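Below you'll find the structure, written out as structure tokens, and then a few comments.
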Amino acid sequence: MYVFAYAMQLLALLCALGGCGMALLQLWQGRADILRLIEKGHWLISGALLAASALLLHALYWRDFSLQYVASYTDLILPVFYRLTAFWAGQPGSMLFWALAVAMSGTAFACTRAYNRLSPATRLWHWAFFYVIMAFFTLVLTNWSNPFVMQTPAPPDGNGLNPLLQNPGMIFHPPLLFLGYGGFAVPACLALAQSLSGRGQGEGAWFRLTRPFIILAWLFLTAGIVLGAWWAYMELGWGGYWAWDPVENASLIPWLIGTASLHTLIVQDRRGKLGRVNVAMMALTTVSAFFATYLVRSGVIDSVHAFGDGSVGTPLTVFVLAGLVVTFWAACTAPREGGPLAGLDSREGFLTLVAWVLLALAAIILIATMWPVISKLWTTAPRGLDANFYNRVCLPLGALLMLLMAACPWLGWNGGLRSKGRFFAMLGAFVGSAGAIWALGYRQPTALIGASAAFAIALGVVLLLTDKAVRRQPAALGALGAHLGMALVALGVAFSGPYTQSGELLLARGESKTVGAYTATLLDLQDGRQPGYDYIAAQLQIARDGVTLGVLAPERRMYDKFGSMQFSEVDVIPGLGNEIYASLLGLDEDLRVLVKVSVEPLVNWIWIGGALMCLLPLLGLRRRNRQTASPGDDPDHEDGDRPDGSANAGTAGN
């Protein structure tokens, strides 16, 4: 059975290599007579990878320990939903899932009306690039990272899943990231294809044809990152949600580049400019996703999340470098469009500046993450950069980004203010909220600016929604929803980061100590046994001003199959204001417990804002009836907005 699964991976590799070769041959010969045959290759690839994935899930469900992968990541007592999510717990399984996500995205695009509008030359270039990506995945799966390696005899039990992965975040976080990476592959391939075919004018711009894929890929990637932050917050026990770990940074870099491209695509859609830049940026989003995989799987950077050296570092390096070369070559061949950019006093200038800030953040994070490798050029004892560096450099840029988001909607495309009254209302909200926050004693500059800008953005969204023309535009509603969610995330970060209060309390039964305005009392200490692990649990009563708010029950667990390692299970008393967070650190010889209790202000607004960012942009997937729309329906319309004078095509973004 598993020989058949490996054969399916091999079939996908042969189809990808054959399809790419035939597409390039047809382009060289200037023909398209076997295009239909080339197109059918993606059905074989998707079907083969789907069959292989189904067999791996079958093995995980039935605990078939004759498969090395199953034995490495499951055991007899692991619940069924964690057994199935072990699909992406290890390197071979996660690579198979990512390959499947890319294949299914390509298949979905081939079934759309947008694909049928493409010329034969563009289709051939699209499949050439798409099959190169699939060939790389299947080459890795059949050589360096095969999930169907057998072992004889089969062990009676498996090694089990790392306890850090036994969390609901494991069910959603990795697959959402891979769906985001896979979704961006479709517009990236089409952008490169149209650049080389030069047929964009007749068949429609690539970003309009792949608009649903761009939006959904961005939503999946955003959801994956937000859920990953929540997972770290609830599982690792240190009270934070973002440690600037290399693997966290690796997923953030494609998101930053993809978000920047959403904003520059608006300029191209509305003003006919930045065509070459957008081709390069969309392709770089996909290339950076492979670079993220390189960080996680090559062993080049130490991380608590990394897989270690999985022998795929060299293939990934070659593929990323080749992708960069192809990206810039194809972008340079794209036809020039539009005139020079407008000044910084226009919406066009602000959108470009937003993109530059996002790209600057991506570049800083990339260099800082790779600093241990870069610094080897001049020292034998390289050291990584800590969270303080990232916070000092990145958070001010984040605050600047929030200011740009607050001001941008009120600028005209040709310069000046669109609505002075609303602009000054937004400015008043910024100044007023800054004054109120200062008066309350929260005076850290970056947090003050970021939080005040968040209030200004929220008011701006409300003011824009009072315009009936805006409410009739699905793309505008989706973009406003994303901006509102981002404002709430920024608000949560501004307060939960610098203003968290925490303390490590050593408590005997009945003893009380304070953290900030809260009193923690140890009511009881219990120990026990659950299938696969021993535990100790503390019962902490939390009170404020004599009023009991609740009881926390943090645990410390020792799993049978993970030696002397101990794992923390945190507990929280949630709140829209302060959230009380507790983790059990240890136990001394006098049976006193050491607990860490933290007061996390506004932290839940990060998850609320993240949810809005992931859900409200779905409104933008619904297209307005362009036959009944007119420039007057567009509140942002100005003469000469687009070369053809038509209304907004509705690209996601500001």
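We label chains A, B, ... in the order they appear in the structure tokens, count residues from 1 in each chain, and number ligands from 1 in the order shown.
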Report as a count of residues only: the residues of stretch 300-380 of chain A with a DSSP assignment of helix (DSSP H, G or I), based on the backbone of this structure.
-> 51
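Distance annotation: of A:Ala520, A:Ala475, A:Leu209, A:Leu196, the residue with the minimal separation from A:Ala334 is A:Leu196; atom set is only C-alpha atoms.
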DSSP on the backbone, then: every residue of stretch 533-566 of chain A marked strand (DSSP E or B), written as a VMD selection string.
-> chain A and resid 533 to 544 547 to 552 555 to 559 566
Write out the residues from the selection above, keeping C-alpha atoms, as a JSON list (two decimals), in the first residue's frame.
```json
[["chain", "number", "residue", "atom", "x", "y", "z"],
["A", 533, "TYR", "CA", 1.88, 11.75, 31.92],
["A", 534, "ASP", "CA", 2.09, 12.75, 35.60],
["A", 535, "TYR", "CA", 1.07, 16.20, 36.72],
["A", 536, "ILE", "CA", 0.97, 18.66, 39.57],
["A", 537, "ALA", "CA", -1.69, 21.37, 39.60],
["A", 538, "ALA", "CA", -2.09, 24.48, 41.70],
["A", 539, "GLN", "CA", -5.41, 26.06, 42.65],
["A", 540, "LEU", "CA", -4.93, 29.84, 42.67],
["A", 541, "GLN", "CA", -7.65, 32.20, 43.79],
["A", 542, "ILE", "CA", -7.42, 35.64, 42.17],
["A", 543, "ALA", "CA", -9.02, 38.63, 43.86],
["A", 544, "ARG", "CA", -9.06, 42.40, 43.45],
["A", 547, "VAL", "CA", -13.64, 40.58, 45.32],
["A", 548, "THR", "CA", -12.84, 37.10, 44.02],
["A", 549, "LEU", "CA", -12.51, 37.06, 40.22],
["A", 550, "GLY", "CA", -11.97, 33.35, 39.75],
["A", 551, "VAL", "CA", -9.72, 30.36, 40.37],
["A", 552, "LEU", "CA", -6.80, 29.43, 38.11],
["A", 555, "GLU", "CA", -0.33, 22.54, 35.68],
["A", 556, "ARG", "CA", 3.14, 21.12, 35.29],
["A", 557, "ARG", "CA", 3.27, 17.87, 33.31],
["A", 558, "MET", "CA", 5.94, 15.16, 32.96],
["A", 559, "TYR", "CA", 5.32, 12.92, 29.95],
["A", 566, "GLN", "CA", 8.52, 19.28, 31.96]]
```
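Reported to one decimal place, the separation of atom CA of A:Asp269 from atom CA of A:Gly460 is 23.1 Å.
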